[in-house]
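Working notes, structure below.
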Amino acid sequence: MAEITSTEQLIPWPWAVTPLDPDTHSCPSTTHILVVFGVVNVICAYIAIILGNRTVIRWLTRGVFGQPGVSSWVYVSWIASAGLILAANALNAWLTVRAPGYDQSRMPTVGDLTLFYVSRPRIAWIWVLVLGLLPCHWRGNKDNGLDWRNAAIQTTVAEIVLQLIGVYYKARAVHFASRRGLYGESKLDRIDFVSRAAFAMMTTAATVYMCILAVIAALLFYWLKYKPKFRTLGWMYLCTAGTYWILDWVFMAGYVKLAGDLFCPQQFALQGAIWAIFTIIGLAIGGAI
């Protein structure tokens, strides 16, 4: 294996989002990108409390949606929730790939970037799941269920699907590092400390992510065999898969810092708004059914 002499050699995939003329396209900083991720998380988390509540949806729609009880639609509505997030990813990927003034020879396809954006940290589902697991007697509501239960079921199943899709880029990072023997720092002596740390963050998060898959598989086996109540399975899943949110943060922070100007998407704040809007629509669907 050739000696690692540049940061670019530590990127596990061949594509890059780079402008042809850096003087005319200023790249968002690592902080800017992570702040956008954080703002989207905060906005969606707080709106999830409102629109994921079927009592609120019932009031907003004058009783048309958000009826008490678990609708049979909740078990397929996750398709809409996951589909909306993937659609937002695809739209943002398209905006990035089609942006003028970029090196198209190294630009990823819309599909590549859509899959990569699945690793974006998402927290709204965690808030909704926690609320869905707590007994609810809000304003005397005792409809033999939980006001956030439908949204919790929908968003949790959607998140499981998205986490499985997110394995793709995590697995590529793990394969890249293990095949080249880069888990130690002996081969990275000529790389600056910040880049080494960023690479370690990315690959460590990806490795732990893959390991937790075994725990998720065990939970699925437990569910298929014993059919536990939603609340029991929900708390078990939250304690394990909730770690994925932290790992997604570490993975993305490591990659963005490592890539630097090799990941230079324009109008990233607009992309954040698109993620927020599509996520909120999915949450509203969960509260409506």
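By convention here, the chains of the structure tokens are called A, B, ... in the order presented, each chain's residues are numbered starting at 1, and ligands are numbered starting at 1 in the order presented.
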
(message) Report as a list of chain:residue names all protein, DNA and RNA residues lying within 9 Å of Val36 in chain A, evaluated on only C-alpha atoms, omitting residues in the same chain fewer than 4 positions from it.
(response)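 Everything that qualifies: A:Thr31, A:His32, A:Val40, A:Asn41, A:Phe268, A:Ala269, A:Gln271, A:Gly272, A:Ala273.
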
(request) Give me the residues within 10 Å of Ile47 in chain A as a ChimeraX atom specification, counting only C-alpha atoms and dropping any in the same chain fewer than 2 places off. (result) /A:42-45,49-53,124,276,279-280,283-284

Keeping only N, CA and C atoms, write the selected residues as an mmCIF file, in the first residue's frame.
```cif
data_model
loop_
_atom_site.group_PDB
_atom_site.id
_atom_site.type_symbol
_atom_site.label_atom_id
_atom_site.label_comp_id
_atom_site.auth_asym_id
_atom_site.auth_seq_id
_atom_site.Cartn_x
_atom_site.Cartn_y
_atom_site.Cartn_z
ATOM 1 N N VAL A 42 -33.113 20.780 16.381
ATOM 2 C CA VAL A 42 -33.860 21.504 17.421
ATOM 3 C C VAL A 42 -35.261 21.861 16.932
ATOM 4 N N ILE A 43 -35.357 22.402 15.718
ATOM 5 C CA ILE A 43 -36.662 22.789 15.175
ATOM 6 C C ILE A 43 -37.589 21.582 15.079
ATOM 7 N N CYS A 44 -37.084 20.501 14.501
ATOM 8 C CA CYS A 44 -37.920 19.311 14.320
ATOM 9 C C CYS A 44 -38.295 18.681 15.658
ATOM 10 N N ALA A 45 -37.389 18.733 16.624
ATOM 11 C CA ALA A 45 -37.677 18.139 17.929
ATOM 12 C C ALA A 45 -38.834 18.858 18.616
ATOM 13 N N ILE A 49 -43.162 17.634 19.152
ATOM 14 C CA ILE A 49 -43.986 17.588 20.358
ATOM 15 C C ILE A 49 -45.411 18.043 20.045
ATOM 16 N N ILE A 50 -45.533 18.993 19.120
ATOM 17 C CA ILE A 50 -46.846 19.557 18.793
ATOM 18 C C ILE A 50 -47.564 18.716 17.740
ATOM 19 N N LEU A 51 -46.930 18.562 16.573
ATOM 20 C CA LEU A 51 -47.610 17.908 15.459
ATOM 21 C C LEU A 51 -47.622 16.388 15.578
ATOM 22 N N GLY A 52 -46.787 15.833 16.455
ATOM 23 C CA GLY A 52 -46.841 14.398 16.674
ATOM 24 C C GLY A 52 -47.935 13.998 17.645
ATOM 25 N N ASN A 53 -48.606 14.983 18.232
ATOM 26 C CA ASN A 53 -49.665 14.741 19.209
ATOM 27 C C ASN A 53 -51.015 14.710 18.498
ATOM 28 N N ALA A 124 -35.768 14.058 16.108
ATOM 29 C CA ALA A 124 -37.210 14.193 16.336
ATOM 30 C C ALA A 124 -37.839 12.863 16.731
ATOM 31 N N ALA A 276 -35.947 20.186 7.268
ATOM 32 C CA ALA A 276 -36.889 20.486 8.345
ATOM 33 C C ALA A 276 -38.332 20.382 7.855
ATOM 34 N N THR A 279 -39.380 16.745 7.142
ATOM 35 C CA THR A 279 -39.492 15.992 8.395
ATOM 36 C C THR A 279 -40.765 16.366 9.140
ATOM 37 N N ILE A 280 -41.082 17.653 9.167
ATOM 38 C CA ILE A 280 -42.285 18.125 9.859
ATOM 39 C C ILE A 280 -43.545 17.557 9.211
ATOM 40 N N LEU A 283 -43.952 14.084 10.441
ATOM 41 C CA LEU A 283 -44.432 14.059 11.825
ATOM 42 C C LEU A 283 -45.931 14.331 11.893
ATOM 43 N N ALA A 284 -46.394 15.263 11.068
ATOM 44 C CA ALA A 284 -47.823 15.583 11.053
ATOM 45 C C ALA A 284 -48.650 14.389 10.590
#
```

(message) Need to verify the contact set: Leu270 in chain A, 12 Å, only C-alpha atoms, exclusion of same-chain residues closer than 4 positions in sequence. Can you return it as a list in words?
(response)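 Final neighbour list, sorted by chain and number: Ile33, Val36, Phe37, Val40, Ala88, Leu91, Asn92, Ala93, Leu95, Thr96, Pro265, Gln266, Ile274, Trp275, Ala276 and Ile277 of chain A.
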
(request) May I ask which of the residues A:Val161, A:Val17, A:Ala151, A:Ala198 is the closest one to Ile281 in chain A, counting only C-alpha atoms? (result) A:Ala151

(message) Which residue is closest to Ile246 in chain A? Choose from A:Gln104, A:Ser119, A:Ser26, A:Gln9 and count only C-alpha atoms.
(response)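 Smallest distance to Ile246 in chain A is found for A:Ser119.
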
(message) I'd like to know which of A:Ala197, A:Asp23, A:Leu134, A:Ile289 is closest to Gly101 in chain A, using only C-alpha atoms.
(response)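 Answer, going by the shortest atom-to-atom distance: A:Asp23.
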
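Of the listed residues (A:Ala253, A:Val64, A:Cys239, A:Leu133), A:Leu133 comes nearest to Asp147 in chain A; the distances count only C-alpha atoms.
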
(message) Under the rule that only C-alpha atoms are counted, which of A:Leu86, A:Val208, A:Ala80, A:Leu20 is the nearest residue to Pro100 in chain A?
(response)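 Counting only C-alpha atoms, the residue closest to Pro100 in chain A is A:Leu20.
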
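With CA of Arg120 in chain A on one side and CA of Val76 in chain A on the other, the separation reads 23.4 Å.
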
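One distance worth recording is that between CA of Leu182 in chain A and CA of Gly254 in chain A, which is 15.0 Å.
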
(request) Using only C-alpha atoms, pick whichever of A:Leu115, A:Leu188, A:Ala87, A:Met210 has the shortest atom-to-atom distance to Gly166 in chain A. (result)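 Closest to Gly166 in chain A of all the choices is A:Leu115.
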
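For the pair CA of Ile191 in chain A and CA of Tyr117 in chain A, the interatomic distance is 26.8 Å.
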
(message) DSSP on the backbone, helix (DSSP H, G or I) only: what residues of range 55-282 of chain A does that give? Format it as a ChimeraX atom specification.
(response) /A:55-60,72-75,78-97,110-117,124-133,138-140,149-179,186-188,193-226,230-262,268-282
